[in-house]
Amino acid sequence: MDRRRFLKLGALTASTGMLGACGQTAQQIVPFVNPPDDGVNPVDGFWYATTCKECNAGCGVMIRTVDGRAKKLEGNPGHPISGGKACATGQAGVQKVYHPDRLKSAMLLSGERGSGVYKPISWTEAVTVLSDKLAGAKGSVFFLNNGSNDVTAGVANAIFKDSEKFVSASNHDAGAESLRQGGAALTGLPQTPYPDMANADFSLLLGADIFEWDRSPVFYSRSFGASRRDRPSSRGRMVYMGSRLSSTAVSCDKWIPAKPGQLGIIALSIASVVVDGVIEKGLARAIPRNTLGRYSDALRKYRPERVAEKVDVDAETLYKLAAPFVNEAPAIVIAGDGVTGYSNGVAGLDAVELLNMISYEIGKEKLTAKPRSTPESDQDLKDRMLEWFGPAPRKQTFAKLKSLTEKMAAGEYAVGLIHNTNPVFDTPNALKFKDALGKVAFVVSFANVMDETANQADLILPDNHWLEGWSAQIPDFVPGVVALNLGQPVVQKFQETKAAADSLLEAGAKAGLKIPAANGEEYIKKVISAFRSEMLEIPPALSDKEAWNFLLRRGGSWPSENDTELTATPASDKLWAFKGNLASDEPVFEGTNDHPYHLHIYQTVFAGRGSGVNHGWLQESPDPITTVMWQWWIEINTGEAGKLGINEGDLITVSSVHGSVTGPAYLYQGLRPDVISIPAGFGHTNYGEMANGRGANAMDLLGLSMDEASGGLAARSQMVSVKKAGGSVVLLRNGNPDGEDKGEAFQL
Amino acid sequence: MNFWNSLSSTAKMVAGALAAIFVGLHIFLAIFYFGPFWFGTHTPTQPIAFSHKLHAGTNKIPCQYCHTLARRTEAAGIPSAEKCMNCHGYVKAESPLIVEIAKKFENKEPIVWQKVFDLPDHVWFNHKRHIKKGFKCQRCHGPIEKVDVVGRSNDFKMGFCIGCHRDNEAPTDCWTCHT
């Protein structure tokens, strides 16, 4: 073909294409033959109550569906945690249902482990493979999840409970066990504390990033709003102490950059001033004076002037922080990773709990506090319910996960069941979980998108998205009440998936194992049947079927305000029996003299531990502090960066004794000079197109230092070094706190 | 011509291609702008010769008796076959057209209507808001109760919307409609 003819044909083709685009395809309208029920509006859709599973907090939510598809998530107004609110991560949950990376069917490994070569198999075949393996394992099985007490955990434990070799472990957020264990010596109840911020005049946050990824960001955001706005008497004040000015810290009135690992000492120091103040002013008469005297003696060594230099906060500030506990009570302390992330976490939390309980007693006398107590109203009921949903949270520790990993590495397990967690990616590098997993004879993953752990599995049985199937969960953190969250299928299944509990039950039955129910739905109904008499909110006249529908419409079971006095007895008896156990050891740090910086790994609002990184909606949301989008960064104090000659975007390498990561520097004034801060959850290698290759995995730096008192991972104990790696990149930011508008393009 | 002849063959090819794109783009825009569907009269043939004149005009059935969603949602909605049969199970049940509808209704087969009024995907219109504000359907859809076969009587260009928004002091921010 000559050039002239080529040009003619090209022009003709282009013109035809453009003209073709001008045409309008026939627009048709297909109305209903029979419209839906009266009163139903097919455009506005249907609302269903269910439970969000994007994190472990357990928020009750409402889902709007149109034509069997999820369109919008909102909080369930009646739910004790969410109270009608929802966070960005929950809102983005609907996108995960229709995620392009979702696995389309059950898959069996057909290549080497880790090769990612799988062949799709039918569910009948998949269940048969699993049942054969379970039958052959003779109880040598482990179940690992993210710490959720849900139906899958309950079913796995029920099937294998008679096997001595069976272990059910949890790969949960670092520090959760220390949080539960802290104050247990005082209260007698190892459980996640509930400091009632909504009713407090003054809140002291000790490294507690409660609006990001803590006990429940939604609950605490609500409490924050209530404390600020809903109390006509006074506007709640908040002070944040910690190494980094986090999203939570910027919402507070003041940030005090205390020395890493010393927040426990600070709590003890404030407690020493408060106890003496209570004695001096004759407050809290319910507490025996001799008990207070003994506390006073034990705490004397933590007086502000004695510890000020050590904790890098002047004595005057410590006295000021103590004053509200005596003068303005109710004041509360909320502890978070800044306390639990060190080897002395539990000791610090004992002091925190003591402060809260004394403050409660003072506040009670002033009648300004709504008397919700720290412990939950009915621990016994919660314990009995938990027996249906896997081991109680207080029994799940990082130490247990470590022990499991060691046994895996020793080749002790025939079958490993991994549900809703990605330990190959998000456990410390030093744990060597991936290597240990390689020694397990047969690994089953229930992941519904490919991730680093699923990629090491022999069999993948994709679980439903939580909007597609039945679920029930006992949330660990429920303020003042015991709750059973329910989830129901609210949308049509997007792929050929099956509920993990159903897969286990079917395979268990086929393997001849004793199964607790035919399927997950039946299991939940059994639980409700067992506790029906104690679920006071269910009208007694309802039949079982009506009660089931009643609970589904409600989103679960929890006492309504009328059914229960949210006035559980505080553990005063325990408190007043002074045990003299208030002492804080020095935190132990891991590193050498070549590692001068404290490593501060944190979860961003959107990325979490990594689960949010394959989310388009979350990735494109600017980080609340750095405003970085679609990227990962390493934070360094602005002054310190100046000394090292580091500018924004310069590639820097952070190294610990366990490994190193390289990424662009973000210069941040809201960071102590002796701290390097890194968001967790990035650096995926096998989590889909949106996540892979974005940043590096902060877990590569982390060792296995633990808080021995709780068995929790001391995730902030690592020391690191920093050096320039050469080169730099442009950080994609949506404006920044200095007023520059580097990301104007994103503001369209 | 001297200038044209002085160009190399590659330059001529590029210039020719640019000219073709330029002309093609204008043809495309012209067809898009003046094309009958979006912005012109559009009177498609419907599967059932339904007469708005007979129903809404002669018999004075309110628009929202059939288009029940208009006051409740963004879309006005097209009535279900069941809605037709509510009356026509008794009224003119023997008429050939009604028999056709009844047959489809019994077979659970929807009637596929041809869309008359539509807006481009980048325009968001909410019926509910306009109805609640008290506007008559005819304000946009024209004297629909006077015609047997519905066609587009109004030009739905942006000026049509903006003019009315201005007259009624409704918002004219871009994102009011382009949301």
# chains A, B, ... in the order shown; residues from 1 in each chain; ligands from 1
call {"tool": "select_by_dssp", "arguments": {"residues": "range 367-539 of chain A", "states": "strand (DSSP E)", "output": "list in words"}}
result
Val415, Gly416, Leu417, Ile418, Phe442, Val443, Val444, Ser445, Leu459, Ile460, Ser471, Ala472, Gln473, Leu484, Asn485, Leu486 and Gly487 of chain A
call {"tool": "residues_around", "arguments": {"residues": "range 123-140 of chain B", "least_positions_apart": "3", "cutoff": "6 Å", "atoms": "only C-alpha atoms", "output": "list of chain:residue names"}}
result
B:Ala70, B:Arg71, B:Arg72, B:Thr73, B:Glu74, B:Ala75, B:Pro120, B:Pro143, B:Cys177, B:His178
call {"tool": "interface_residues", "arguments": {"of": "chain A", "to": "chain B", "cutoff": "6 Å", "atoms": "only C-alpha atoms", "output": "JSON, numbers by chain"}}
result
{"A": [22, 27, 28, 29, 30, 31, 32, 33, 34]}
call {"tool": "atom_distance", "arguments": {"atom1": "CA of Asp312 in chain A", "atom2": "CA of Ala335 in chain A"}}
result
18.5 Å
call {"tool": "select_by_dssp", "arguments": {"residues": "range 63-152 of chain B", "states": "alpha helix (DSSP H)", "output": "PDB file with N, CA and C atoms, in the first residue's frame"}}
result
ATOM      1  N   CYS B  63     -50.855  13.265  36.523  1.00  0.00           N
ATOM      2  CA  CYS B  63     -49.585  12.664  36.057  1.00  0.00           C
ATOM      3  C   CYS B  63     -49.023  11.678  37.086  1.00  0.00           C
ATOM      4  N   GLN B  64     -49.092  12.131  38.373  1.00  0.00           N
ATOM      5  CA  GLN B  64     -48.424  11.339  39.396  1.00  0.00           C
ATOM      6  C   GLN B  64     -49.239  10.126  39.847  1.00  0.00           C
ATOM      7  N   TYR B  65     -50.404   9.944  39.244  1.00  0.00           N
ATOM      8  CA  TYR B  65     -51.117   8.693  39.525  1.00  0.00           C
ATOM      9  C   TYR B  65     -50.307   7.530  38.935  1.00  0.00           C
ATOM     10  N   CYS B  66     -49.765   7.769  37.745  1.00  0.00           N
ATOM     11  CA  CYS B  66     -48.956   6.720  37.108  1.00  0.00           C
ATOM     12  C   CYS B  66     -47.467   6.895  37.429  1.00  0.00           C
ATOM     13  N   ALA B  81     -46.771  -2.705  34.527  1.00  0.00           N
ATOM     14  CA  ALA B  81     -47.909  -3.252  33.774  1.00  0.00           C
ATOM     15  C   ALA B  81     -49.076  -3.489  34.723  1.00  0.00           C
ATOM     16  N   GLU B  82     -48.746  -3.815  35.957  1.00  0.00           N
ATOM     17  CA  GLU B  82     -49.801  -4.043  36.943  1.00  0.00           C
ATOM     18  C   GLU B  82     -50.641  -2.787  37.137  1.00  0.00           C
ATOM     19  N   LYS B  83     -49.973  -1.644  37.114  1.00  0.00           N
ATOM     20  CA  LYS B  83     -50.674  -0.367  37.274  1.00  0.00           C
ATOM     21  C   LYS B  83     -51.677  -0.174  36.126  1.00  0.00           C
ATOM     22  N   CYS B  84     -51.284  -0.526  34.899  1.00  0.00           N
ATOM     23  CA  CYS B  84     -52.191  -0.418  33.755  1.00  0.00           C
ATOM     24  C   CYS B  84     -53.416  -1.303  33.988  1.00  0.00           C
ATOM     25  N   MET B  85     -53.128  -2.519  34.472  1.00  0.00           N
ATOM     26  CA  MET B  85     -54.209  -3.495  34.588  1.00  0.00           C
ATOM     27  C   MET B  85     -55.137  -3.200  35.755  1.00  0.00           C
ATOM     28  N   ASN B  86     -54.669  -2.355  36.698  1.00  0.00           N
ATOM     29  CA  ASN B  86     -55.565  -1.975  37.793  1.00  0.00           C
ATOM     30  C   ASN B  86     -56.872  -1.418  37.231  1.00  0.00           C
ATOM     31  N   CYS B  87     -56.756  -0.580  36.180  1.00  0.00           N
ATOM     32  CA  CYS B  87     -57.957  -0.021  35.560  1.00  0.00           C
ATOM     33  C   CYS B  87     -58.419  -0.894  34.400  1.00  0.00           C
ATOM     34  N   HIS B  88     -57.461  -1.263  33.558  1.00  0.00           N
ATOM     35  CA  HIS B  88     -57.846  -1.911  32.304  1.00  0.00           C
ATOM     36  C   HIS B  88     -58.238  -3.371  32.476  1.00  0.00           C
ATOM     37  N   PRO B  96     -57.877  -4.229  21.549  1.00  0.00           N
ATOM     38  CA  PRO B  96     -56.702  -5.024  21.122  1.00  0.00           C
ATOM     39  C   PRO B  96     -55.412  -4.622  21.839  1.00  0.00           C
ATOM     40  N   LEU B  97     -55.228  -3.308  22.035  1.00  0.00           N
ATOM     41  CA  LEU B  97     -53.989  -2.882  22.702  1.00  0.00           C
ATOM     42  C   LEU B  97     -53.966  -3.335  24.155  1.00  0.00           C
ATOM     43  N   ILE B  98     -55.117  -3.261  24.812  1.00  0.00           N
ATOM     44  CA  ILE B  98     -55.192  -3.692  26.216  1.00  0.00           C
ATOM     45  C   ILE B  98     -54.979  -5.203  26.305  1.00  0.00           C
ATOM     46  N   VAL B  99     -55.516  -5.910  25.346  1.00  0.00           N
ATOM     47  CA  VAL B  99     -55.323  -7.364  25.331  1.00  0.00           C
ATOM     48  C   VAL B  99     -53.830  -7.684  25.232  1.00  0.00           C
ATOM     49  N   GLU B 100     -53.144  -6.870  24.415  1.00  0.00           N
ATOM     50  CA  GLU B 100     -51.689  -7.070  24.270  1.00  0.00           C
ATOM     51  C   GLU B 100     -50.959  -6.842  25.614  1.00  0.00           C
ATOM     52  N   ILE B 101     -51.360  -5.775  26.301  1.00  0.00           N
ATOM     53  CA  ILE B 101     -50.740  -5.495  27.613  1.00  0.00           C
ATOM     54  C   ILE B 101     -51.078  -6.621  28.589  1.00  0.00           C
ATOM     55  N   ALA B 102     -52.346  -7.045  28.573  1.00  0.00           N
ATOM     56  CA  ALA B 102     -52.781  -8.090  29.512  1.00  0.00           C
ATOM     57  C   ALA B 102     -51.993  -9.375  29.288  1.00  0.00           C
ATOM     58  N   LYS B 103     -51.737  -9.650  28.014  1.00  0.00           N
ATOM     59  CA  LYS B 103     -50.984 -10.869  27.687  1.00  0.00           C
ATOM     60  C   LYS B 103     -49.565 -10.794  28.265  1.00  0.00           C
ATOM     61  N   LYS B 104     -48.946  -9.642  28.076  1.00  0.00           N
ATOM     62  CA  LYS B 104     -47.594  -9.464  28.611  1.00  0.00           C
ATOM     63  C   LYS B 104     -47.619  -9.549  30.137  1.00  0.00           C
ATOM     64  N   PHE B 105     -48.649  -8.960  30.734  1.00  0.00           N
ATOM     65  CA  PHE B 105     -48.743  -8.974  32.188  1.00  0.00           C
ATOM     66  C   PHE B 105     -48.853 -10.398  32.711  1.00  0.00           C
ATOM     67  N   GLU B 106     -49.688 -11.186  32.026  1.00  0.00           N
ATOM     68  CA  GLU B 106     -49.866 -12.578  32.453  1.00  0.00           C
ATOM     69  C   GLU B 106     -48.578 -13.378  32.269  1.00  0.00           C
ATOM     70  N   HIS B 127     -36.204  14.814  40.060  1.00  0.00           N
ATOM     71  CA  HIS B 127     -37.635  15.140  39.936  1.00  0.00           C
ATOM     72  C   HIS B 127     -38.213  15.610  41.260  1.00  0.00           C
ATOM     73  N   LYS B 128     -37.857  14.872  42.323  1.00  0.00           N
ATOM     74  CA  LYS B 128     -38.480  15.118  43.626  1.00  0.00           C
ATOM     75  C   LYS B 128     -38.358  16.587  44.030  1.00  0.00           C
ATOM     76  N   ARG B 129     -37.146  17.121  43.890  1.00  0.00           N
ATOM     77  CA  ARG B 129     -36.918  18.494  44.325  1.00  0.00           C
ATOM     78  C   ARG B 129     -37.790  19.481  43.558  1.00  0.00           C
ATOM     79  N   HIS B 130     -37.934  19.241  42.267  1.00  0.00           N
ATOM     80  CA  HIS B 130     -38.702  20.172  41.450  1.00  0.00           C
ATOM     81  C   HIS B 130     -40.199  20.052  41.724  1.00  0.00           C
ATOM     82  N   ILE B 131     -40.659  18.840  41.924  1.00  0.00           N
ATOM     83  CA  ILE B 131     -42.085  18.636  42.224  1.00  0.00           C
ATOM     84  C   ILE B 131     -42.413  19.260  43.585  1.00  0.00           C
ATOM     85  N   LYS B 132     -41.502  19.005  44.570  1.00  0.00           N
ATOM     86  CA  LYS B 132     -41.757  19.550  45.918  1.00  0.00           C
ATOM     87  C   LYS B 132     -41.796  21.081  45.883  1.00  0.00           C
ATOM     88  N   GLN B 138     -45.540  19.971  33.199  1.00  0.00           N
ATOM     89  CA  GLN B 138     -45.547  20.582  31.871  1.00  0.00           C
ATOM     90  C   GLN B 138     -44.470  21.651  31.721  1.00  0.00           C
ATOM     91  N   ARG B 139     -43.971  22.169  32.828  1.00  0.00           N
ATOM     92  CA  ARG B 139     -42.943  23.219  32.759  1.00  0.00           C
ATOM     93  C   ARG B 139     -41.741  22.734  31.935  1.00  0.00           C
ATOM     94  N   CYS B 140     -41.400  21.480  32.081  1.00  0.00           N
ATOM     95  CA  CYS B 140     -40.282  20.936  31.296  1.00  0.00           C
ATOM     96  C   CYS B 140     -40.772  20.031  30.170  1.00  0.00           C
ATOM     97  N   HIS B 141     -41.816  19.263  30.459  1.00  0.00           N
ATOM     98  CA  HIS B 141     -42.223  18.244  29.491  1.00  0.00           C
ATOM     99  C   HIS B 141     -43.203  18.770  28.442  1.00  0.00           C
TER     100      HIS B 141
END
call {"tool": "residues_around", "arguments": {"residues": "Gln495 in chain A", "least_positions_apart": "4", "cutoff": "8 Å", "atoms": "only C-alpha atoms", "output": "number ranges by chain"}}
result
A: 102-105
call {"tool": "write_last_selection", "arguments": {"atoms": "C-alpha atoms", "output": "tab-separated table (two decimals), in the first residue's frame"}}
result
chain	number	residue	atom	x	y	z
A	102	ARG	CA	-12.03	-10.64	44.14
A	103	LEU	CA	-11.34	-14.31	43.66
A	104	LYS	CA	-13.90	-15.90	41.43
A	105	SER	CA	-13.97	-19.45	42.73
call {"tool": "residues_around", "arguments": {"residues": "Leu486 in chain A", "least_positions_apart": "2", "cutoff": "7 Å", "atoms": "only C-alpha atoms", "output": "PyMOL selection string"}}
result
chain A and resi 50-51+471-473+484+488+552+555-556
call {"tool": "write_last_selection", "arguments": {"atoms": "N, CA and C atoms", "output": "PDB file, in the first residue's frame"}}
result
ATOM      1  N   THR A  50     -26.941  -4.504  59.431  1.00  0.00           N
ATOM      2  CA  THR A  50     -25.930  -5.559  59.497  1.00  0.00           C
ATOM      3  C   THR A  50     -24.745  -5.039  60.304  1.00  0.00           C
ATOM      4  N   THR A  51     -23.614  -5.741  60.244  1.00  0.00           N
ATOM      5  CA  THR A  51     -22.462  -5.351  61.050  1.00  0.00           C
ATOM      6  C   THR A  51     -21.249  -5.171  60.155  1.00  0.00           C
ATOM      7  N   SER A 471     -23.497 -13.515  59.472  1.00  0.00           N
ATOM      8  CA  SER A 471     -22.392 -13.412  60.414  1.00  0.00           C
ATOM      9  C   SER A 471     -22.921 -13.056  61.789  1.00  0.00           C
ATOM     10  N   ALA A 472     -22.137 -13.373  62.777  1.00  0.00           N
ATOM     11  CA  ALA A 472     -22.432 -12.954  64.147  1.00  0.00           C
ATOM     12  C   ALA A 472     -21.101 -12.730  64.833  1.00  0.00           C
ATOM     13  N   GLN A 473     -21.064 -11.799  65.746  1.00  0.00           N
ATOM     14  CA  GLN A 473     -19.792 -11.436  66.353  1.00  0.00           C
ATOM     15  C   GLN A 473     -20.052 -10.864  67.743  1.00  0.00           C
ATOM     16  N   LEU A 484     -24.366  -8.797  70.919  1.00  0.00           N
ATOM     17  CA  LEU A 484     -24.159  -9.808  69.877  1.00  0.00           C
ATOM     18  C   LEU A 484     -24.521  -9.135  68.559  1.00  0.00           C
ATOM     19  N   GLN A 488     -26.298 -10.046  57.923  1.00  0.00           N
ATOM     20  CA  GLN A 488     -27.150 -10.849  57.051  1.00  0.00           C
ATOM     21  C   GLN A 488     -26.787 -10.577  55.599  1.00  0.00           C
ATOM     22  N   LEU A 552     -32.679  -9.420  63.376  1.00  0.00           N
ATOM     23  CA  LEU A 552     -32.077  -9.050  62.087  1.00  0.00           C
ATOM     24  C   LEU A 552     -32.408  -7.603  61.730  1.00  0.00           C
ATOM     25  N   GLY A 555     -30.261  -5.486  63.888  1.00  0.00           N
ATOM     26  CA  GLY A 555     -28.817  -5.584  63.646  1.00  0.00           C
ATOM     27  C   GLY A 555     -28.100  -6.383  64.714  1.00  0.00           C
ATOM     28  N   GLY A 556     -28.846  -6.948  65.665  1.00  0.00           N
ATOM     29  CA  GLY A 556     -28.216  -7.755  66.700  1.00  0.00           C
ATOM     30  C   GLY A 556     -28.922  -7.624  68.020  1.00  0.00           C
TER      31      GLY A 556
END
call {"tool": "residues_around", "arguments": {"residues": "Ser296 in chain A", "least_positions_apart": "5", "cutoff": "8 Å", "atoms": "only C-alpha atoms", "output": "MDAnalysis selection string"}}
result
chainID A and resid 272 275:276
call {"tool": "residues_around", "arguments": {"residues": "Ile362 in chain A", "least_positions_apart": "4", "cutoff": "12 Å", "atoms": "only C-alpha atoms", "output": "count of residues only"}}
result
30
call {"tool": "decode", "arguments": {"residues": "range 500-519 of chain A", "atoms": "N, CA and C atoms", "output": "PDB file, in the first residue's frame"}}
result
ATOM      1  N   ALA A 500     -16.953 -18.899  55.045  1.00  0.00           N
ATOM      2  CA  ALA A 500     -15.882 -19.743  55.581  1.00  0.00           C
ATOM      3  C   ALA A 500     -16.441 -20.761  56.572  1.00  0.00           C
ATOM      4  N   ALA A 501     -17.400 -20.330  57.393  1.00  0.00           N
ATOM      5  CA  ALA A 501     -17.980 -21.251  58.382  1.00  0.00           C
ATOM      6  C   ALA A 501     -18.689 -22.407  57.666  1.00  0.00           C
ATOM      7  N   ASP A 502     -19.381 -22.102  56.572  1.00  0.00           N
ATOM      8  CA  ASP A 502     -20.083 -23.159  55.829  1.00  0.00           C
ATOM      9  C   ASP A 502     -19.084 -24.145  55.219  1.00  0.00           C
ATOM     10  N   SER A 503     -17.978 -23.611  54.673  1.00  0.00           N
ATOM     11  CA  SER A 503     -16.953 -24.502  54.101  1.00  0.00           C
ATOM     12  C   SER A 503     -16.430 -25.448  55.175  1.00  0.00           C
ATOM     13  N   LEU A 504     -16.153 -24.892  56.361  1.00  0.00           N
ATOM     14  CA  LEU A 504     -15.609 -25.716  57.444  1.00  0.00           C
ATOM     15  C   LEU A 504     -16.619 -26.770  57.899  1.00  0.00           C
ATOM     16  N   LEU A 505     -17.869 -26.323  58.027  1.00  0.00           N
ATOM     17  CA  LEU A 505     -18.899 -27.248  58.521  1.00  0.00           C
ATOM     18  C   LEU A 505     -19.149 -28.377  57.518  1.00  0.00           C
ATOM     19  N   GLU A 506     -19.208 -28.036  56.243  1.00  0.00           N
ATOM     20  CA  GLU A 506     -19.436 -29.069  55.223  1.00  0.00           C
ATOM     21  C   GLU A 506     -18.275 -30.054  55.169  1.00  0.00           C
ATOM     22  N   ALA A 507     -17.054 -29.508  55.208  1.00  0.00           N
ATOM     23  CA  ALA A 507     -15.876 -30.388  55.150  1.00  0.00           C
ATOM     24  C   ALA A 507     -15.772 -31.232  56.418  1.00  0.00           C
ATOM     25  N   GLY A 508     -16.090 -30.601  57.557  1.00  0.00           N
ATOM     26  CA  GLY A 508     -16.043 -31.326  58.839  1.00  0.00           C
ATOM     27  C   GLY A 508     -17.023 -32.485  58.830  1.00  0.00           C
ATOM     28  N   ALA A 509     -18.242 -32.223  58.322  1.00  0.00           N
ATOM     29  CA  ALA A 509     -19.257 -33.283  58.282  1.00  0.00           C
ATOM     30  C   ALA A 509     -18.796 -34.428  57.386  1.00  0.00           C
ATOM     31  N   LYS A 510     -18.227 -34.056  56.262  1.00  0.00           N
ATOM     32  CA  LYS A 510     -17.769 -35.069  55.300  1.00  0.00           C
ATOM     33  C   LYS A 510     -16.609 -35.885  55.861  1.00  0.00           C
ATOM     34  N   ALA A 511     -15.798 -35.225  56.715  1.00  0.00           N
ATOM     35  CA  ALA A 511     -14.641 -35.908  57.303  1.00  0.00           C
ATOM     36  C   ALA A 511     -15.037 -36.741  58.511  1.00  0.00           C
ATOM     37  N   GLY A 512     -16.328 -36.704  58.849  1.00  0.00           N
ATOM     38  CA  GLY A 512     -16.794 -37.502  59.985  1.00  0.00           C
ATOM     39  C   GLY A 512     -16.537 -36.837  61.324  1.00  0.00           C
ATOM     40  N   LEU A 513     -16.234 -35.541  61.304  1.00  0.00           N
ATOM     41  CA  LEU A 513     -16.000 -34.835  62.570  1.00  0.00           C
ATOM     42  C   LEU A 513     -17.340 -34.387  63.143  1.00  0.00           C
ATOM     43  N   LYS A 514     -17.338 -34.130  64.432  1.00  0.00           N
ATOM     44  CA  LYS A 514     -18.585 -33.693  65.081  1.00  0.00           C
ATOM     45  C   LYS A 514     -18.774 -32.205  64.810  1.00  0.00           C
ATOM     46  N   ILE A 515     -19.834 -31.866  64.122  1.00  0.00           N
ATOM     47  CA  ILE A 515     -20.037 -30.453  63.789  1.00  0.00           C
ATOM     48  C   ILE A 515     -21.187 -29.866  64.615  1.00  0.00           C
ATOM     49  N   PRO A 516     -21.067 -28.586  64.970  1.00  0.00           N
ATOM     50  CA  PRO A 516     -22.073 -27.990  65.861  1.00  0.00           C
ATOM     51  C   PRO A 516     -23.368 -27.587  65.160  1.00  0.00           C
ATOM     52  N   ALA A 517     -23.360 -27.442  63.833  1.00  0.00           N
ATOM     53  CA  ALA A 517     -24.567 -27.057  63.094  1.00  0.00           C
ATOM     54  C   ALA A 517     -24.334 -27.367  61.622  1.00  0.00           C
ATOM     55  N   ALA A 518     -25.413 -27.399  60.858  1.00  0.00           N
ATOM     56  CA  ALA A 518     -25.274 -27.727  59.439  1.00  0.00           C
ATOM     57  C   ALA A 518     -24.632 -26.591  58.655  1.00  0.00           C
ATOM     58  N   ASN A 519     -24.915 -25.360  59.075  1.00  0.00           N
ATOM     59  CA  ASN A 519     -24.325 -24.202  58.387  1.00  0.00           C
ATOM     60  C   ASN A 519     -24.267 -23.018  59.347  1.00  0.00           C
TER      61      ASN A 519
END
